[in-house]
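Chemist: Just one file: query24.txt, with compact mmCIF, C-alpha atoms and all ligand atoms.
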```txt
# COMPACT_ATOMS: atom_id res chain seq x y z
CA MET A 28 41.91 62.16 275.21
CA LYS A 29 38.76 64.14 275.92
CA LEU A 30 36.49 66.17 273.66
CA LYS A 31 33.54 68.40 274.51
CA VAL A 32 30.78 67.84 271.98
CA ALA A 33 27.37 69.42 271.44
CA ILE A 34 24.56 67.59 269.64
CA VAL A 35 21.55 69.73 268.73
CA GLN A 36 18.14 68.16 268.20
CA ILE A 37 15.41 70.37 266.74
CA ASN A 38 12.20 70.16 264.81
CA SER A 39 13.51 71.55 261.51
CA ILE A 40 10.63 73.40 259.89
CA LEU A 41 10.54 72.71 256.16
CA GLY A 42 11.62 75.76 254.16
CA SER A 43 12.11 78.01 257.23
CA PRO A 44 15.88 78.39 257.59
CA LYS A 45 15.69 81.51 259.77
CA GLN A 46 13.45 79.84 262.32
CA ASN A 47 15.65 76.72 262.43
CA ILE A 48 18.81 78.79 262.86
CA THR A 49 17.27 80.72 265.77
CA LYS A 50 16.31 77.48 267.52
CA ILE A 51 19.84 76.11 267.20
CA GLN A 52 21.38 79.37 268.43
CA ASN A 53 19.05 79.44 271.43
CA LEU A 54 19.78 75.83 272.38
CA LEU A 55 23.52 76.39 272.10
CA SER A 56 23.49 79.54 274.20
CA SER A 57 21.25 77.90 276.83
CA LYS A 58 24.05 75.39 277.55
CA LEU A 59 27.10 77.42 276.51
CA PRO A 60 26.46 80.95 277.77
CA SER A 61 29.87 82.18 276.73
CA SER A 62 31.32 81.60 273.28
CA SER A 63 34.66 80.97 274.99
CA SER A 64 33.36 77.73 276.58
CA SER A 65 35.95 75.27 275.34
CA LEU A 66 33.82 73.36 272.87
CA ASP A 67 35.40 70.99 270.33
CA LEU A 68 32.53 69.94 268.09
CA ILE A 69 28.93 70.84 267.22
CA VAL A 70 26.81 68.28 265.37
CA LEU A 71 23.61 69.29 263.54
CA SER A 72 21.13 66.91 261.94
CA GLU A 73 20.50 65.88 258.32
CA LEU A 74 19.29 68.95 256.34
CA ALA A 75 19.00 70.69 259.72
CA ILE A 76 18.41 74.21 258.40
CA THR A 77 16.17 73.53 255.40
CA GLY A 78 13.99 70.62 256.59
CA TYR A 79 14.04 67.26 254.83
CA ASN A 80 10.79 66.18 253.25
CA PHE A 81 10.84 68.21 250.00
CA LYS A 82 8.32 67.27 247.34
CA SER A 83 10.51 67.53 244.24
CA SER A 84 13.79 68.83 242.87
CA THR A 85 12.01 72.08 241.98
CA HIS A 86 10.80 72.44 245.56
CA ILE A 87 14.30 72.02 247.02
CA LYS A 88 16.05 74.08 244.34
CA PRO A 89 16.12 77.45 246.21
CA TYR A 90 17.85 75.74 249.14
CA LEU A 91 20.66 74.00 247.24
CA GLU A 92 24.20 75.20 247.89
CA SER A 93 27.75 73.99 247.48
CA PRO A 94 31.23 74.18 249.00
CA THR A 95 32.08 76.73 246.32
CA ASN A 96 28.86 78.71 246.65
CA TYR A 97 27.64 78.91 250.24
CA GLY A 98 23.98 79.47 251.10
CA THR A 99 22.18 79.66 254.46
CA SER A 100 23.28 76.26 255.83
CA LEU A 101 27.00 76.54 255.11
CA ASN A 102 27.21 80.20 256.13
CA PHE A 103 25.54 79.38 259.42
CA ALA A 104 27.82 76.39 260.13
CA LYS A 105 30.86 78.54 259.38
CA SER A 106 29.62 81.24 261.77
CA LEU A 107 29.19 78.65 264.55
CA SER A 108 32.74 77.38 264.05
CA LEU A 109 34.10 80.92 264.22
CA LYS A 110 31.99 81.80 267.26
CA TYR A 111 32.84 78.72 269.34
CA LYS A 112 36.28 78.01 267.77
CA CYS A 113 35.15 74.46 267.26
CA PHE A 114 34.42 71.96 264.50
CA THR A 115 30.88 72.06 263.11
CA ILE A 116 29.18 69.27 261.19
CA ILE A 117 26.02 70.15 259.31
CA GLY A 118 23.70 68.27 256.96
CA TYR A 119 22.60 70.30 253.90
CA PRO A 120 21.31 69.79 250.34
CA GLU A 121 24.16 70.13 247.83
CA ILE A 122 24.21 71.01 244.16
CA ASN A 123 27.27 70.09 242.18
CA VAL A 124 27.75 71.58 238.73
CA GLU A 125 30.25 69.86 236.49
CA LYS A 126 30.47 70.27 232.73
CA ALA A 127 27.00 71.86 232.69
CA THR A 128 25.49 68.87 234.51
CA GLU A 129 23.77 69.54 237.81
CA THR A 130 23.77 66.80 240.44
CA ILE A 131 21.99 67.01 243.79
CA TYR A 132 23.38 65.28 246.87
CA ASN A 133 22.29 64.89 250.48
CA SER A 134 25.54 66.10 252.03
CA CYS A 135 27.29 66.95 255.20
CA ALA A 136 30.00 69.59 255.57
CA VAL A 137 32.77 69.70 258.15
CA PHE A 138 34.10 73.09 259.26
CA ASP A 139 37.25 73.35 261.37
CA ARG A 140 37.98 75.68 264.28
CA LYS A 141 38.95 78.46 261.90
CA GLY A 142 35.70 78.24 259.95
CA GLU A 143 37.31 76.53 256.94
CA LEU A 144 35.25 73.90 255.14
CA ILE A 145 37.66 70.94 255.27
CA TYR A 146 35.53 68.03 254.12
CA ASN A 147 32.28 67.39 252.28
CA TYR A 148 30.64 63.98 252.67
CA ARG A 149 27.80 62.78 250.43
CA LYS A 150 25.17 60.32 251.65
CA THR A 151 25.97 56.92 250.20
CA PHE A 152 22.77 54.93 250.78
CA LEU A 153 19.60 56.83 249.97
CA TYR A 154 16.17 56.76 251.57
CA GLU A 155 13.00 57.08 249.46
CA THR A 156 12.58 60.76 250.49
CA ASP A 157 16.04 61.62 249.08
CA GLU A 158 14.95 60.24 245.73
CA VAL A 159 11.75 62.30 245.74
CA TRP A 160 13.81 65.50 245.73
CA GLY A 161 16.27 64.20 243.21
CA SER A 162 19.30 63.35 245.30
CA SER A 163 21.98 61.13 243.76
CA GLU A 164 23.99 58.51 245.60
CA ASN A 165 27.57 59.16 246.51
CA PRO A 166 29.35 57.24 243.75
CA ASN A 167 32.14 56.37 246.20
CA LYS A 168 30.67 53.61 248.37
CA ASN A 169 33.74 52.99 250.54
CA PHE A 170 32.84 55.04 253.61
CA GLU A 171 36.34 56.44 253.69
CA PRO A 172 37.60 57.78 257.00
CA ILE A 173 38.67 61.36 257.63
CA ILE A 174 41.24 62.52 260.12
CA LEU A 175 40.05 65.35 262.33
CA ASN A 176 42.78 67.20 264.17
CA PHE A 177 41.23 68.66 267.32
CA ASP A 178 44.38 70.44 268.45
CA ASN A 179 43.35 73.88 269.68
CA THR A 180 46.68 75.46 270.48
CA GLU A 181 47.15 78.42 268.14
CA ASP A 182 50.90 78.40 268.41
CA SER A 183 52.45 75.18 267.17
CA SER A 184 55.57 75.56 269.34
CA SER A 185 53.48 75.53 272.51
CA SER A 186 51.57 72.50 271.26
CA LYS A 187 54.86 70.59 271.36
CA LEU A 188 54.81 71.06 275.11
CA ASP A 189 51.31 69.74 275.32
CA ASN A 190 51.11 66.27 276.85
CA ASN A 191 48.17 65.53 274.66
CA LEU A 192 50.08 65.92 271.44
CA ASN A 193 48.17 63.56 269.30
CA LYS A 194 44.76 65.10 268.84
CA SER A 195 44.21 63.61 265.40
CA ILE A 196 41.23 61.30 265.46
CA ILE A 197 40.24 58.86 262.74
CA SER A 198 36.58 59.60 262.09
CA ASN A 199 33.70 58.57 259.85
CA ILE A 200 30.49 60.31 258.88
CA GLY A 201 27.31 58.43 258.08
CA ILE A 202 24.03 60.11 257.21
CA CYS A 203 20.93 58.29 258.45
CA MET A 204 20.17 55.58 255.86
CA ASP A 205 23.93 54.91 255.58
CA LEU A 206 23.50 52.87 258.77
CA ASN A 207 20.98 50.56 257.11
CA PRO A 208 21.58 47.73 254.63
CA TYR A 209 21.89 49.20 251.12
CA LYS A 210 18.34 49.78 249.80
CA PHE A 211 17.18 47.50 252.65
CA GLU A 212 18.21 44.71 250.28
CA ALA A 213 21.79 43.90 251.26
CA PRO A 214 22.23 41.16 253.88
CA PHE A 215 21.49 42.62 257.32
CA ASN A 216 24.75 41.31 258.76
CA LYS A 217 26.91 42.86 256.07
CA PHE A 218 26.92 46.00 258.26
CA GLU A 219 28.40 47.99 255.37
CA PHE A 220 28.83 51.26 257.25
CA SER A 221 29.85 50.01 260.69
CA SER A 222 32.22 47.33 259.42
CA SER A 223 33.95 50.00 257.29
CA CYS A 224 34.24 52.20 260.39
CA TYR A 225 35.59 49.22 262.31
CA ASN A 226 38.14 48.36 259.64
CA ASN A 227 39.15 52.02 259.31
CA ARG A 228 39.77 52.04 263.07
CA SER A 229 37.51 55.04 263.42
CA LYS A 230 37.14 56.21 266.99
CA LEU A 231 34.67 59.00 266.31
CA ILE A 232 31.61 58.26 264.20
CA ILE A 233 29.30 61.18 263.47
CA CYS A 234 25.75 60.58 262.27
CA PRO A 235 23.47 63.47 261.24
CA MET A 236 20.00 61.96 260.95
CA ALA A 237 16.39 62.50 259.97
CA TRP A 238 15.50 59.06 261.35
CA LEU A 239 11.86 58.12 261.46
CA SER A 240 9.95 57.13 264.57
CA PRO A 241 8.82 53.50 264.45
CA ASN A 242 5.34 55.04 264.91
CA SER A 243 5.58 57.12 261.74
CA PRO A 244 2.42 56.45 259.67
CA SER A 245 4.58 56.68 256.52
CA ILE A 246 6.16 53.30 257.32
CA LYS A 247 3.12 51.38 258.53
CA LYS A 248 2.04 50.32 255.06
CA GLN A 249 1.84 46.56 255.58
CA GLU A 250 -1.05 46.67 258.10
CA ASP A 251 -2.89 49.18 255.92
CA GLN A 252 -2.67 46.98 252.85
CA GLU A 253 -4.67 44.39 254.72
CA SER A 254 -7.41 46.79 255.82
CA PRO A 255 -10.58 46.53 253.64
CA THR A 256 -11.63 50.17 254.33
CA LEU A 257 -8.23 51.64 253.46
CA GLN A 258 -7.93 49.51 250.32
CA LYS A 259 -10.90 51.42 248.88
CA LEU A 260 -9.17 54.82 249.12
CA SER A 261 -7.50 56.52 246.16
CA SER A 262 -3.82 57.22 246.65
CA GLU A 263 -4.55 60.90 247.47
CA GLN A 264 -7.19 59.91 250.00
CA TYR A 265 -4.85 57.36 251.53
CA GLN A 266 -2.10 60.00 251.77
CA SER A 267 -4.38 62.43 253.59
CA HIS A 268 -5.46 59.59 255.89
CA LEU A 269 -1.76 59.09 256.82
CA VAL A 270 -1.19 62.82 257.34
CA LYS A 271 -4.21 62.98 259.65
CA GLU A 272 -2.98 59.95 261.54
CA ALA A 273 0.45 61.60 261.97
CA GLN A 274 -1.18 64.77 263.33
CA GLU A 275 -3.04 62.76 265.96
CA ILE A 276 -0.04 60.83 267.27
CA LYS A 277 1.55 62.16 270.44
CA LEU A 278 4.89 60.57 271.23
CA PRO A 279 5.89 60.21 274.89
CA ASN A 280 8.46 62.56 276.44
CA GLU A 281 11.20 59.98 276.65
CA PRO A 282 13.86 58.49 274.38
CA ASN A 283 12.73 55.71 272.08
CA TYR A 284 14.76 52.65 273.06
CA GLU A 285 13.43 50.60 270.14
CA THR A 286 15.29 53.03 267.88
CA ILE A 287 18.38 53.34 270.10
CA ASN A 288 18.68 49.55 270.33
CA TYR A 289 18.36 49.28 266.55
CA TRP A 290 21.26 51.74 266.15
CA ILE A 291 23.32 49.66 268.62
CA LEU A 292 22.52 46.58 266.55
CA ARG A 293 23.74 48.37 263.40
CA PHE A 294 27.10 48.94 265.16
CA PHE A 295 27.41 45.24 265.93
CA PRO A 296 31.09 44.99 264.87
CA PHE A 297 31.99 47.22 267.85
CA LEU A 298 29.97 45.23 270.39
CA LYS A 299 31.49 42.52 272.61
CA HIS A 300 29.34 39.60 271.58
CA PRO A 301 30.19 35.95 270.74
CA TYR A 302 29.47 36.53 267.02
CA SER A 303 31.08 39.94 266.68
CA TYR A 304 34.52 40.89 265.31
CA TYR A 305 37.57 39.72 267.29
CA PRO A 306 40.00 40.67 268.59
CA LYS A 307 38.86 44.23 269.23
CA TRP A 308 41.56 46.64 268.08
CA PHE A 309 40.84 49.20 270.78
CA SER A 310 42.36 48.85 274.24
CA GLN A 311 40.67 48.77 277.63
CA ASN A 312 41.33 52.49 278.10
CA GLU A 313 39.95 53.56 274.74
CA LYS A 314 36.36 54.31 273.79
CA ILE A 315 34.62 54.51 270.45
CA ASN A 316 32.00 57.25 270.30
CA VAL A 317 29.06 57.31 267.93
CA LEU A 318 27.45 60.77 267.95
CA ILE A 319 23.86 60.49 266.82
CA CYS A 320 22.15 63.78 266.00
CA ASN A 321 18.56 63.15 264.99
CA ARG A 322 15.61 65.54 264.61
CA ILE A 323 12.06 65.50 265.92
CA GLY A 324 8.74 66.67 264.53
CA LYS A 325 6.34 65.86 261.74
CA GLU A 326 6.35 66.51 258.01
CA ASP A 327 3.15 65.28 256.35
CA SER A 328 2.85 61.58 257.12
CA ILE A 329 6.42 61.32 258.41
CA ILE A 330 7.20 61.49 262.14
CA TYR A 331 10.86 61.70 263.15
CA GLY A 332 12.10 59.87 266.20
CA GLY A 333 14.56 62.16 268.06
CA SER A 334 16.38 60.11 270.73
CA SER A 335 19.72 61.70 269.80
CA CYS A 336 22.45 60.22 271.98
CA ILE A 337 26.06 59.13 272.21
CA LEU A 338 26.73 55.41 271.88
CA GLN A 339 29.99 54.74 273.63
CA PHE A 340 31.63 51.36 273.00
CA ASN A 341 34.31 50.01 275.34
CA ASN A 342 36.54 46.95 275.50
CA SER A 343 36.60 46.57 279.25
CA HIS A 344 33.95 43.91 279.87
CA GLU A 345 33.51 40.23 279.23
CA ILE A 346 31.65 38.99 276.18
CA GLU A 347 27.86 39.05 276.66
CA ASP A 348 24.96 37.68 274.62
CA SER A 349 22.71 40.74 274.51
CA ILE A 350 22.65 42.97 271.42
CA ASP A 351 21.10 46.08 272.93
CA SER A 352 21.68 48.73 275.57
CA SER A 353 21.89 46.03 278.26
CA ASN A 354 25.24 44.84 276.84
CA SER A 355 27.98 46.28 279.11
CA SER A 356 30.27 46.99 276.18
CA VAL A 357 28.04 49.88 275.11
CA GLU A 358 26.82 52.84 277.11
CA VAL A 359 24.06 55.18 275.93
CA LEU A 360 25.03 58.67 277.09
CA ASN A 361 22.46 61.42 277.55
CA PRO A 362 19.69 60.25 275.23
CA LEU A 363 17.25 63.05 274.33
CA CYS A 364 13.47 62.63 274.11
CA GLN A 365 11.70 61.50 270.95
CA SER A 366 9.32 64.47 270.93
CA VAL A 367 11.13 67.44 272.48
CA GLU A 368 13.87 69.69 271.11
CA GLY A 369 17.07 69.60 273.11
CA ILE A 370 20.83 69.66 273.26
CA ILE A 371 23.46 67.31 274.58
CA VAL A 372 26.70 68.88 275.77
CA GLN A 373 29.03 66.16 276.92
CA ASP A 374 32.71 65.52 277.57
CA ILE A 375 33.62 62.27 275.91
CA ASP A 376 36.65 60.03 276.37
CA LEU A 377 38.16 58.57 273.26
N1 LIG A 401 15.70 54.18 257.28
C1 LIG A 401 15.93 55.42 257.91
C2 LIG A 401 14.73 55.70 258.77
O1 LIG A 401 13.95 54.82 258.96
C3 LIG A 401 16.31 56.39 256.87
C4 LIG A 401 15.80 57.80 256.92
C5 LIG A 401 16.77 58.74 256.25
O2 LIG A 401 17.70 58.34 255.56
N2 LIG A 401 16.58 60.01 256.45
O3 LIG A 401 14.56 56.74 259.35
```
Represent the structure contained in this file as structure tokens.
Ligand code: GLN

Modeler:
Amino acid sequence: MKLKVAIVQINSILGSPKQNITKIQNLLSSKLPSSSSSLDLIVLSELAITGYNFKSSTHIKPYLESPTNYGTSLNFAKSLSLKYKCFTIIGYPEINVEKATETIYNSCAVFDRKGELIYNYRKTFLYETDEVWGSSENPNKNFEPIILNFDNTEDSSSSKLDNNLNKSIISNIGICMDLNPYKFEAPFNKFEFSSSCYNNRSKLIICPMAWLSPNSPSIKKQEDQESPTLQKLSSEQYQSHLVKEAQEIKLPNEPNYETINYWILRFFPFLKHPYSYYPKWFSQNEKINVLICNRIGKEDSIIYGGSSCILQFNNSHEIEDSIDSSNSSVEVLNPLCQSVEGIIVQDIDL
């Protein structure tokens, strides 16, 4: 079966929802001039509309929303689903109120072709930035699959005539840090997220991200700790040093393969490699698609790494030793640049 998917990569400006929405609308209409273009799925990044690097729970508070009380992010995602009659997946900051207790989550909502919110996923493994703005972990750590039914025939009797009857796809959602070892402490080869996807027999894996560039000054702390000049700075001075460094960095206009290869490595269970899982449960005609929707841009000392792409795993080659994009059992489709906004519109085989 085939799906047409759109992955939108923008520089989400912190606290400027209107601006971010306009950018997404413009990118979509640049590639899909008519809303009747038969699109199946739009993927937006982690906290795409609000920006990600909030300073505290008070700072993020005006942007929190919930499946029972929509704000800018959910209303916008719903409007996209209605406009394009497609599924929309959007990252947004959630507030859940239960028995007078408020809990914040880094979440992702799934809207169906009719604009109904059918699923709400909460990020399971948190990154340090999530904790700064008070996000809680998803208490359910099982990475449960969801079934997305992509059937687009309005009349169910005519769908019976359709050759492609079974349009229900087992899917998984993982938000950014979910791909990493839990707290960077779990064994690297536990592959918590991807082995769950593998065991769930998920064929469509959707990853809204705010993944950092390997050149982000915010993660270069080790070298700095060894520098005698930087050791003398107060923590505020050191922070402004990092922000200045981030401002000066200019990333090249190309995808970052260090990052893409790391993502491939984190999906090791799907790769044909002597040490990977066997036998593969998917046939030679089937493909597993990982839709990676990252963002670009800078927020203080953080630089995001773009390089949104589709990782497509197949079972039609011999086992090979490489664990990167040179392994023939994975294809990197349409990678975007690490420093430029853009959109992927791609027909994928499943
Ligand atoms: N470890 C990831 C990164 O380096 C996590 C970021 C996130 O969860 N937003 O980008």

Chemist: Compile the contact shell of A:Gln52 as a list in words: residues with an atom at most 10 Å away, counting only C-alpha atoms, same-chain residues fewer than 4 positions apart removed.

Modeler: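 Counting only the stated atoms, we get Val35, Asn47, Ile48, Ser56, Ser57, Phe103 and Leu107 of chain A.
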
Chemist: Show me which residues line ligand LIG 401 (chain A), defined as having an atom within 8 Å of a ligand atom where all atoms listed in the file count, and present them as a ChimeraX atom specification.

Modeler: /A:73,79,152-157,202-205,207,236-241,331-332

Chemist: Next, the residues of the selection above should be written as a compact mmCIF listing (two decimals), in the frame of the given file with C-alpha atoms.

Modeler:
```txt
# COMPACT_ATOMS: atom_id res chain seq x y z
CA GLU A 73 20.50 65.88 258.32
CA TYR A 79 14.04 67.26 254.83
CA PHE A 152 22.77 54.93 250.78
CA LEU A 153 19.60 56.83 249.97
CA TYR A 154 16.17 56.76 251.57
CA GLU A 155 13.00 57.08 249.46
CA THR A 156 12.58 60.76 250.49
CA ASP A 157 16.04 61.62 249.08
CA ILE A 202 24.03 60.11 257.21
CA CYS A 203 20.93 58.29 258.45
CA MET A 204 20.17 55.58 255.86
CA ASP A 205 23.93 54.91 255.58
CA ASN A 207 20.98 50.56 257.11
CA MET A 236 20.00 61.96 260.95
CA ALA A 237 16.39 62.50 259.97
CA TRP A 238 15.50 59.06 261.35
CA LEU A 239 11.86 58.12 261.46
CA SER A 240 9.95 57.13 264.57
CA PRO A 241 8.82 53.50 264.45
CA TYR A 331 10.86 61.70 263.15
CA GLY A 332 12.10 59.87 266.20
```

Chemist: Leaving out A:Ser366 and any residue of its chain fewer than 3 positions from it, which residues lie within 7 Å of it when counting all atoms listed in the file, given as a PyMOL selection string?

Modeler: chain A and resi 278-280+323-324+333

Chemist: Just to confirm, what's the straight-line distance from atom CA of A:Pro120 to atom CA of A:Ser198 in Å (one decimal)?

Modeler: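 If I compute the distance from atom CA of A:Pro120 to atom CA of A:Ser198, I get 21.8 Å.
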
Chemist: In the coordinates of the file, take the point (32.6, 47.4, 266.2) and a cut-off of 9 Å; then, counting only C-alpha atoms, name each qualifying protein, DNA or RNA residue as a list in words.

Modeler: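 Here the neighbourhood of the point contains Ser221, Ser222, Cys224, Tyr225, Asn226, Phe294, Phe295, Pro296, Phe297, Leu298, Lys299, Ser303, Tyr304, Lys307, Ile315 and Phe340 of chain A.
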
Chemist: Name all residues at most 9 Å from A:Lys29 (count only C-alpha atoms; drop same-chain ones fewer than 2 positions away) and give them as a list in words.

Modeler: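 In the requested form, the answer reads Lys31, Asp374, Ile375, Asp376 and Leu377 of chain A.
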
Chemist: For those residues, write C-alpha atoms to a file as a PDB file, keeping the file's coordinate frame.

Modeler:
```
ATOM      1  CA  LYS A  31      33.540  68.400 274.510  1.00  0.00           C
ATOM      2  CA  ASP A 374      32.710  65.520 277.570  1.00  0.00           C
ATOM      3  CA  ILE A 375      33.620  62.270 275.910  1.00  0.00           C
ATOM      4  CA  ASP A 376      36.650  60.030 276.370  1.00  0.00           C
ATOM      5  CA  LEU A 377      38.160  58.570 273.260  1.00  0.00           C
TER       6      LEU A 377
END
```

Chemist: Rank nothing, just name the residue among A:Cys336, A:Cys135, A:Leu109, A:Ile34 nearest to A:Tyr284, using all atoms listed in the file.

Modeler: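 Closest residue, counting all atoms listed in the file: A:Cys336.
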
Chemist: Which of these residues is nearest to A:Val137, using all atoms listed in the file: A:Leu206, A:Ile233, A:Gln46, A:Asn227?

Modeler: A:Ile233

Chemist: Distance atom CA of A:Glu143-atom CA of A:Ala127, one decimal place?

Modeler: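 It comes out at 26.8 Å.
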
Chemist: Using only C-alpha atoms, collect all residues at a distance of at most 12 Å from (22.3, 69.2, 274.5) as written in the file, then present them as an NGL selection string.

Modeler: :A and (31-37 or 51-59 or 69-71 or 318-321 or 334-337 or 360-364 or 367-374)

Chemist: Write out as a tab-separated table (two decimals) with C-alpha atoms, keeping the file's coordinate frame which residues come within 6 Å of stretch 342-350 of chain A when counting all atoms listed in the file, dropping same-chain ones fewer than 3 positions away.

Modeler:
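And here's part.tsv as it stands now:
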```
chain	number	residue	atom	x	y	z
A	299	LYS	CA	31.49	42.52	272.61
A	300	HIS	CA	29.34	39.60	271.58
A	311	GLN	CA	40.67	48.77	277.63
A	354	ASN	CA	25.24	44.84	276.84
```

Chemist: Need the shell around A:Glu326: protein/DNA/RNA residues with any atom at most 8 Å away, counting only C-alpha atoms. Skip same-chain ones fewer than 4 positions apart. Format as a compact mmCIF listing (two decimals) with C-alpha atoms, keeping the file's coordinate frame?

Modeler:
```
# COMPACT_ATOMS: atom_id res chain seq x y z
CA LEU A 41 10.54 72.71 256.16
CA ASN A 80 10.79 66.18 253.25
CA ILE A 330 7.20 61.49 262.14
```

Chemist: Please indicate the distance in Å from atom CA of A:Lys314 to atom CA of A:Ile287, rounded to one decimal place.

Modeler: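 The value is 18.4 Å.
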
Chemist: Could I see stretch 172-179 of chain A restored to all heavy atoms, set down as a JSON list (two decimals), keeping the file's coordinate frame?

Modeler:
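Result file part.json:
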```json
[["chain", "number", "residue", "atom", "x", "y", "z"],
["A", 172, "PRO", "N", 37.46, 57.02, 255.76],
["A", 172, "PRO", "CA", 37.60, 57.78, 257.00],
["A", 172, "PRO", "C", 38.17, 59.18, 256.75],
["A", 172, "PRO", "O", 38.75, 59.42, 255.68],
["A", 172, "PRO", "CB", 38.61, 56.95, 257.80],
["A", 172, "PRO", "CG", 39.43, 56.26, 256.75],
["A", 172, "PRO", "CD", 38.53, 56.03, 255.58],
["A", 173, "ILE", "N", 37.96, 60.08, 257.68],
["A", 173, "ILE", "CA", 38.67, 61.36, 257.63],
["A", 173, "ILE", "C", 39.39, 61.55, 258.97],
["A", 173, "ILE", "O", 38.94, 61.05, 259.99],
["A", 173, "ILE", "CB", 37.73, 62.58, 257.42],
["A", 173, "ILE", "CG1", 36.53, 62.53, 258.37],
["A", 173, "ILE", "CG2", 37.27, 62.69, 256.01],
["A", 173, "ILE", "CD1", 35.90, 63.89, 258.53],
["A", 174, "ILE", "N", 40.49, 62.27, 258.88],
["A", 174, "ILE", "CA", 41.24, 62.52, 260.12],
["A", 174, "ILE", "C", 40.88, 63.92, 260.58],
["A", 174, "ILE", "O", 41.05, 64.89, 259.84],
["A", 174, "ILE", "CB", 42.77, 62.49, 259.86],
["A", 174, "ILE", "CG1", 43.17, 61.28, 259.03],
["A", 174, "ILE", "CG2", 43.55, 62.60, 261.18],
["A", 174, "ILE", "CD1", 43.37, 60.02, 259.77],
["A", 175, "LEU", "N", 40.35, 64.03, 261.77],
["A", 175, "LEU", "CA", 40.05, 65.35, 262.33],
["A", 175, "LEU", "C", 41.10, 65.68, 263.39],
["A", 175, "LEU", "O", 41.31, 64.90, 264.33],
["A", 175, "LEU", "CB", 38.66, 65.37, 262.95],
["A", 175, "LEU", "CG", 37.49, 65.07, 261.98],
["A", 175, "LEU", "CD1", 36.16, 65.09, 262.71],
["A", 175, "LEU", "CD2", 37.47, 66.07, 260.82],
["A", 176, "ASN", "N", 41.77, 66.81, 263.20],
["A", 176, "ASN", "CA", 42.78, 67.20, 264.17],
["A", 176, "ASN", "C", 42.19, 68.24, 265.12],
["A", 176, "ASN", "O", 42.01, 69.39, 264.75],
["A", 176, "ASN", "CB", 44.01, 67.74, 263.46],
["A", 176, "ASN", "CG", 45.10, 68.10, 264.45],
["A", 176, "ASN", "OD1", 44.90, 68.00, 265.66],
["A", 176, "ASN", "ND2", 46.23, 68.54, 263.95],
["A", 177, "PHE", "N", 41.92, 67.81, 266.35],
["A", 177, "PHE", "CA", 41.23, 68.66, 267.32],
["A", 177, "PHE", "C", 42.16, 69.56, 268.12],
["A", 177, "PHE", "O", 41.74, 70.20, 269.07],
["A", 177, "PHE", "CB", 40.38, 67.80, 268.27],
["A", 177, "PHE", "CG", 39.13, 67.28, 267.62],
["A", 177, "PHE", "CD1", 39.08, 65.99, 267.10],
["A", 177, "PHE", "CD2", 38.02, 68.09, 267.49],
["A", 177, "PHE", "CE1", 37.93, 65.51, 266.48],
["A", 177, "PHE", "CE2", 36.86, 67.62, 266.88],
["A", 177, "PHE", "CZ", 36.82, 66.33, 266.38],
["A", 178, "ASP", "N", 43.43, 69.57, 267.75],
["A", 178, "ASP", "CA", 44.38, 70.44, 268.45],
["A", 178, "ASP", "C", 43.82, 71.86, 268.48],
["A", 178, "ASP", "O", 43.34, 72.36, 267.47],
["A", 178, "ASP", "CB", 45.71, 70.41, 267.68],
["A", 178, "ASP", "CG", 46.81, 71.05, 268.50],
["A", 178, "ASP", "OD1", 46.53, 71.42, 269.65],
["A", 178, "ASP", "OD2", 47.92, 71.18, 267.97],
["A", 179, "ASN", "N", 43.87, 72.51, 269.65],
["A", 179, "ASN", "CA", 43.35, 73.88, 269.68],
["A", 179, "ASN", "C", 44.38, 74.90, 270.14],
["A", 179, "ASN", "O", 44.05, 76.00, 270.52],
["A", 179, "ASN", "CB", 42.08, 73.99, 270.52],
["A", 179, "ASN", "CG", 42.31, 73.58, 271.94],
["A", 179, "ASN", "OD1", 43.43, 73.20, 272.28],
["A", 179, "ASN", "ND2", 41.29, 73.63, 272.77]]
```
